[in-house]
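See below for input.cif, which holds mmCIF, C-alpha atoms and all ligand atoms.
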data_work
#
loop_
_atom_site.label_atom_id
_atom_site.label_comp_id
_atom_site.auth_asym_id
_atom_site.auth_seq_id
_atom_site.Cartn_x
_atom_site.Cartn_y
_atom_site.Cartn_z
CA MET O 1 0.00 0.00 0.00
CA ARG O 2 1.27 3.49 -0.79
CA ALA O 3 2.51 5.63 2.11
CA SER O 4 0.22 8.49 1.08
CA PHE O 5 -2.82 6.20 1.26
CA VAL O 6 -1.83 4.92 4.72
CA LEU O 7 -1.49 8.52 5.92
CA ALA O 8 -4.85 9.35 4.36
CA ILE O 9 -6.56 6.46 6.17
CA ILE O 10 -5.02 7.48 9.53
CA GLY O 11 -5.89 11.14 8.80
CA CYS O 12 -9.44 10.14 7.97
CA ILE O 13 -9.81 8.23 11.26
CA PHE O 14 -8.51 11.22 13.24
CA GLY O 15 -10.70 13.52 11.17
CA PHE O 16 -13.76 11.46 12.04
CA PHE O 17 -12.84 11.53 15.71
CA ALA O 18 -12.34 15.29 15.52
CA GLY O 19 -15.68 15.70 13.79
CA ILE O 20 -17.49 13.49 16.30
CA ALA O 21 -15.79 15.30 19.21
CA ALA O 22 -16.89 18.65 17.81
CA ALA O 23 -20.42 17.37 17.30
CA LEU O 24 -20.53 16.08 20.89
CA LEU O 25 -19.25 19.43 22.15
CA GLY O 26 -21.95 21.04 20.07
CA ALA O 27 -24.58 18.74 21.59
CA VAL O 28 -23.38 19.53 25.13
CA GLY O 29 -23.29 23.22 24.30
CA VAL O 30 -26.82 23.16 22.92
CA ALA O 31 -28.01 21.30 26.04
CA PHE O 32 -26.57 24.05 28.21
CA GLY O 33 -27.82 26.76 25.91
CA ALA O 34 -24.37 28.03 25.00
CA SER O 35 -24.46 30.59 22.24
CA GLY O 36 -22.94 29.47 18.98
CA ALA O 37 -22.84 25.84 20.09
CA SER O 38 -25.03 24.73 17.20
CA SER O 39 -22.47 26.07 14.73
CA LEU O 40 -20.14 23.35 16.00
CA TYR O 41 -22.29 20.88 14.06
CA ALA O 42 -21.47 22.72 10.88
CA TYR O 43 -17.77 22.73 11.72
CA ALA O 44 -17.94 19.05 12.66
CA SER O 45 -19.50 18.19 9.31
CA ILE O 46 -16.83 20.21 7.47
CA THR O 47 -14.17 18.17 9.24
CA ILE O 48 -15.89 14.85 8.44
CA VAL O 49 -16.44 15.82 4.80
CA GLY O 50 -12.78 16.90 4.67
CA SER O 51 -11.75 13.52 6.06
CA ILE O 52 -13.74 11.74 3.36
CA VAL O 53 -12.23 14.00 0.67
CA GLY O 54 -8.77 13.32 2.09
CA VAL O 55 -9.10 9.55 2.21
CA ALA O 56 -10.60 9.53 -1.27
CA GLY O 57 -7.58 11.53 -2.42
CA GLY O 58 -5.32 8.99 -0.75
CA ALA O 59 -7.06 6.20 -2.64
CA ILE O 60 -6.75 8.04 -5.96
CA GLY O 61 -3.13 9.09 -5.40
CA LYS O 62 -0.86 11.06 -7.72
CA LYS O 63 -1.63 14.70 -8.59
CA LEU O 64 -5.42 14.69 -8.26
CA GLY O 65 -5.31 12.61 -5.08
CA GLY O 66 -2.61 14.82 -3.58
CA VAL O 67 -4.66 17.94 -4.23
CA LEU O 68 -7.75 16.27 -2.72
CA MET O 69 -5.75 15.33 0.36
CA LEU O 70 -4.55 18.92 0.80
CA VAL O 71 -8.13 20.15 0.41
CA GLY O 72 -9.34 17.55 2.91
CA GLY O 73 -6.66 18.58 5.37
CA VAL O 74 -7.56 22.25 5.09
CA MET O 75 -11.25 21.39 5.57
CA ALA O 76 -10.40 19.35 8.68
CA VAL O 77 -8.46 22.22 10.27
CA VAL O 78 -11.04 24.81 9.22
CA GLY O 79 -13.80 22.65 10.70
CA THR O 80 -12.30 21.85 14.08
CA SER O 81 -9.11 23.88 14.35
CA LEU O 82 -7.32 22.06 17.16
CA PHE O 83 -8.95 18.65 16.69
CA GLY O 84 -8.47 18.95 12.98
CA LEU O 85 -4.78 19.70 13.29
CA LEU O 86 -3.71 16.06 13.36
CA PRO O 87 -5.68 14.97 10.29
CA PHE O 88 -4.52 18.21 8.63
CA ILE O 89 -0.84 17.31 9.19
CA LEU O 90 -1.38 13.72 8.05
CA PHE O 91 -3.27 14.78 4.95
CA VAL O 92 -0.71 17.43 4.05
CA ILE O 93 2.22 15.00 4.40
CA GLY O 94 0.31 12.32 2.49
CA GLY O 95 -0.78 14.84 -0.10
CA ILE O 96 2.77 16.01 -0.72
CA ILE O 97 3.93 12.39 -1.04
CA ALA O 98 1.09 11.72 -3.46
CA LEU O 99 1.95 14.80 -5.51
CA ARG O 100 5.52 13.59 -5.86
CA GLU O 101 4.48 10.11 -6.92
CA ARG O 102 5.53 9.36 -10.42
CA PRO O 103 2.97 7.76 -12.66
CA ALA O 104 3.74 4.12 -13.14
CA VAL O 105 5.56 3.73 -16.41
CA SER O 106 3.70 1.14 -18.39
CA LEU O 107 6.25 -0.69 -20.46
CA GLN O 108 4.31 -1.89 -23.42
CA PRO O 109 5.87 -4.96 -24.91
CA PRO O 110 6.62 -4.53 -28.59
CA SER O 111 3.75 -5.95 -30.51
CA GLN O 112 5.56 -8.68 -32.34
CA TYR O 113 2.63 -10.42 -33.84
CA SER O 114 0.20 -7.64 -34.61
CA GLU O 115 2.10 -6.55 -37.71
CA VAL O 116 2.21 -9.99 -39.27
CA PRO O 117 -0.82 -10.39 -41.50
CA THR O 118 -2.72 -13.56 -40.96
CA SER O 119 -1.47 -15.67 -43.80
CA GLN O 120 -4.38 -17.02 -45.72
CA PRO O 121 -4.18 -20.59 -46.93
CA GLN O 122 -2.58 -20.50 -50.30
CA VAL O 123 -4.78 -21.48 -53.17
CA ALA O 124 -3.38 -24.60 -54.74
CA SER O 125 -0.27 -23.98 -56.72
CA ARG O 126 -0.95 -22.12 -59.92
CA PHE O 127 1.82 -24.02 -61.59
CA CYS O 128 1.92 -27.58 -62.72
CA SER O 129 3.83 -29.73 -60.23
CA SER O 130 5.10 -31.87 -63.05
CA CYS O 131 6.27 -29.52 -65.78
CA GLY O 132 6.00 -26.14 -64.13
CA ALA O 133 3.64 -24.62 -66.69
CA SER O 134 1.23 -22.07 -65.34
CA LEU O 135 -2.27 -23.41 -64.86
CA LYS O 136 -5.60 -21.76 -65.52
CA GLU O 137 -7.93 -21.09 -62.60
CA ARG O 138 -9.94 -24.27 -61.90
CA ALA O 139 -7.91 -26.41 -64.31
CA THR O 140 -7.98 -30.08 -63.34
CA PHE O 141 -5.35 -31.11 -65.85
CA CYS O 142 -2.24 -29.33 -66.96
CA SER O 143 -2.79 -27.87 -70.38
CA SER O 144 0.86 -28.43 -71.20
CA CYS O 145 1.68 -31.97 -70.09
CA GLY O 146 -1.71 -33.37 -69.11
CA THR O 147 -0.82 -34.22 -65.51
CA LYS O 148 -3.77 -34.21 -63.17
CA VAL O 149 -3.46 -31.32 -60.70
ZN ZN C 201 2.29 -29.92 -66.77
#

This structure in structure tokens:
Amino acid sequence: MRASFVLAIIGCIFGFFAGIAAALLGAVGVAFGASGASSLYAYASITIVGSIVGVAGGAIGKKLGGVLMLVGGVMAVVGTSLFGLLPFILFVIGGIIALRERPAVSLQPPSQYSEVPTSQPQVASRFCSSCGASLKERATFCSSCGTKV
């Protein structure tokens, strides 16, 4: 498994924890009537969505995946600043690794056989096997020596 994908999975797990922690804080805050507590739900969902984006990026890999991981990391830290810091770091490291991944060079074997035309079965020799005279199309006997062909 690629290092960037491992980091993305770990980042996603931490991101989910961060999101859940923020949501729980939000729930406690709402229960106690704290102002602005309900906005924690929105931040929690940003972190969780960011985690999903990040892990998806880790699965995709390379340039697109690396960019997705960076976006996911930023979303995690925007959502739950301190909680989101760990997934942010993991996603950023993984994203940078993914961005530096070189696309797998696909060595295509030289197509040895594709160029060779499928040889069609030769129509019976157009020359007499006995005397070598050229035969007419559908001739059953050589017109020169009379040998059956
Ligand atoms: Zn002949």

- Site check for ligand ZN 201 (chain C): residues at most 12 Å away, only C-alpha atoms and all ligand atoms, as a list in words: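 The distance check yields Ser125, Arg126, Phe127, Cys128, Ser129, Ser130, Cys131, Gly132, Ala133, Ser134, Leu135, Lys136, Ala139, Thr140, Phe141, Cys142, Ser143, Ser144, Cys145, Gly146, Thr147, Lys148 and Val149 of chain O.
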
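Atom CA of Ile97 of chain O is found 19.0 Å from atom CA of Phe14 of chain O.
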
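Relative to atom CA of Met1 of chain O, atom CA of Phe91 of chain O is found at 15.9 Å.
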
- Note on the structure: Computed gap from atom CA of Tyr41 of chain O to atom CA of Gly61 of chain O is 29.7 Å

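Among the candidates O:Ala18, O:Gly84, O:Gly65, O:Val49, the one nearest to Ile96 of chain O when counting all atoms listed in the file is O:Gly65.
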
- O:Gly79, O:Gly50, O:Gly58, O:Gly66: which is nearest Ala22 of chain O, counting only C-alpha atoms?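 Once distances to Ala22 of chain O are computed over only C-alpha atoms, the minimum belongs to O:Gly79.
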
Shell around Ala56 of chain O at 10 Å using all atoms listed in the file, local window under 4 positions removed, as a PDB file with C-alpha atoms, in the coordinates of the input:
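Result file result_35.pdb:
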ATOM      1  CA  PHE O   5      -2.820   6.200   1.260  1.00  0.00           C
ATOM      2  CA  ALA O   8      -4.850   9.350   4.360  1.00  0.00           C
ATOM      3  CA  ILE O   9      -6.560   6.460   6.170  1.00  0.00           C
ATOM      4  CA  CYS O  12      -9.440  10.140   7.970  1.00  0.00           C
ATOM      5  CA  GLY O  50     -12.780  16.900   4.670  1.00  0.00           C
ATOM      6  CA  SER O  51     -11.750  13.520   6.060  1.00  0.00           C
ATOM      7  CA  ILE O  52     -13.740  11.740   3.360  1.00  0.00           C
ATOM      8  CA  ILE O  60      -6.750   8.040  -5.960  1.00  0.00           C
ATOM      9  CA  GLY O  61      -3.130   9.090  -5.400  1.00  0.00           C
ATOM     10  CA  GLY O  65      -5.310  12.610  -5.080  1.00  0.00           C
ATOM     11  CA  GLY O  66      -2.610  14.820  -3.580  1.00  0.00           C
ATOM     12  CA  LEU O  68      -7.750  16.270  -2.720  1.00  0.00           C
ATOM     13  CA  MET O  69      -5.750  15.330   0.360  1.00  0.00           C
ATOM     14  CA  GLY O  72      -9.340  17.550   2.910  1.00  0.00           C
TER      15      GLY O  72
END

- Compile the contact shell of Ala21 of chain O as a PyMOL selection string: residues with an atom at most 12 Å away, counting all atoms listed in the file, same-chain residues fewer than 6 positions apart removed. chain O and resi 14-15+27-28+40-41+43-45+47-48+79-84

May I have the residues from that selection written out with C-alpha atoms, as a PDB file, in the coordinates of the input?
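Below is the file that was written, part24.pdb:
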ATOM      1  CA  PHE O  14      -8.510  11.220  13.240  1.00  0.00           C
ATOM      2  CA  GLY O  15     -10.700  13.520  11.170  1.00  0.00           C
ATOM      3  CA  ALA O  27     -24.580  18.740  21.590  1.00  0.00           C
ATOM      4  CA  VAL O  28     -23.380  19.530  25.130  1.00  0.00           C
ATOM      5  CA  LEU O  40     -20.140  23.350  16.000  1.00  0.00           C
ATOM      6  CA  TYR O  41     -22.290  20.880  14.060  1.00  0.00           C
ATOM      7  CA  TYR O  43     -17.770  22.730  11.720  1.00  0.00           C
ATOM      8  CA  ALA O  44     -17.940  19.050  12.660  1.00  0.00           C
ATOM      9  CA  SER O  45     -19.500  18.190   9.310  1.00  0.00           C
ATOM     10  CA  THR O  47     -14.170  18.170   9.240  1.00  0.00           C
ATOM     11  CA  ILE O  48     -15.890  14.850   8.440  1.00  0.00           C
ATOM     12  CA  GLY O  79     -13.800  22.650  10.700  1.00  0.00           C
ATOM     13  CA  THR O  80     -12.300  21.850  14.080  1.00  0.00           C
ATOM     14  CA  SER O  81      -9.110  23.880  14.350  1.00  0.00           C
ATOM     15  CA  LEU O  82      -7.320  22.060  17.160  1.00  0.00           C
ATOM     16  CA  PHE O  83      -8.950  18.650  16.690  1.00  0.00           C
ATOM     17  CA  GLY O  84      -8.470  18.950  12.980  1.00  0.00           C
TER      18      GLY O  84
END

- Message: Show me, as a PyMOL selection string, the residues that have an atom within 9 Å of Gly36 of chain O when counting all atoms listed in the file, minus same-chain residues fewer than 5 positions from it.
- Response: chain O and resi 26+29-30

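Residue neighbourhood of Leu90 of chain O, excluding near-sequence residues (fewer than 5 positions): Leu7, Ala8, Ile10, Gly11 and Gly73 of chain O, at 8 Å, using all atoms listed in the file.
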
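With all atoms listed in the file as the atoms that count, the residue of O:Ala42, O:Ile20, O:Leu64, O:Ala34 with the shortest distance to Arg100 of chain O is O:Leu64.
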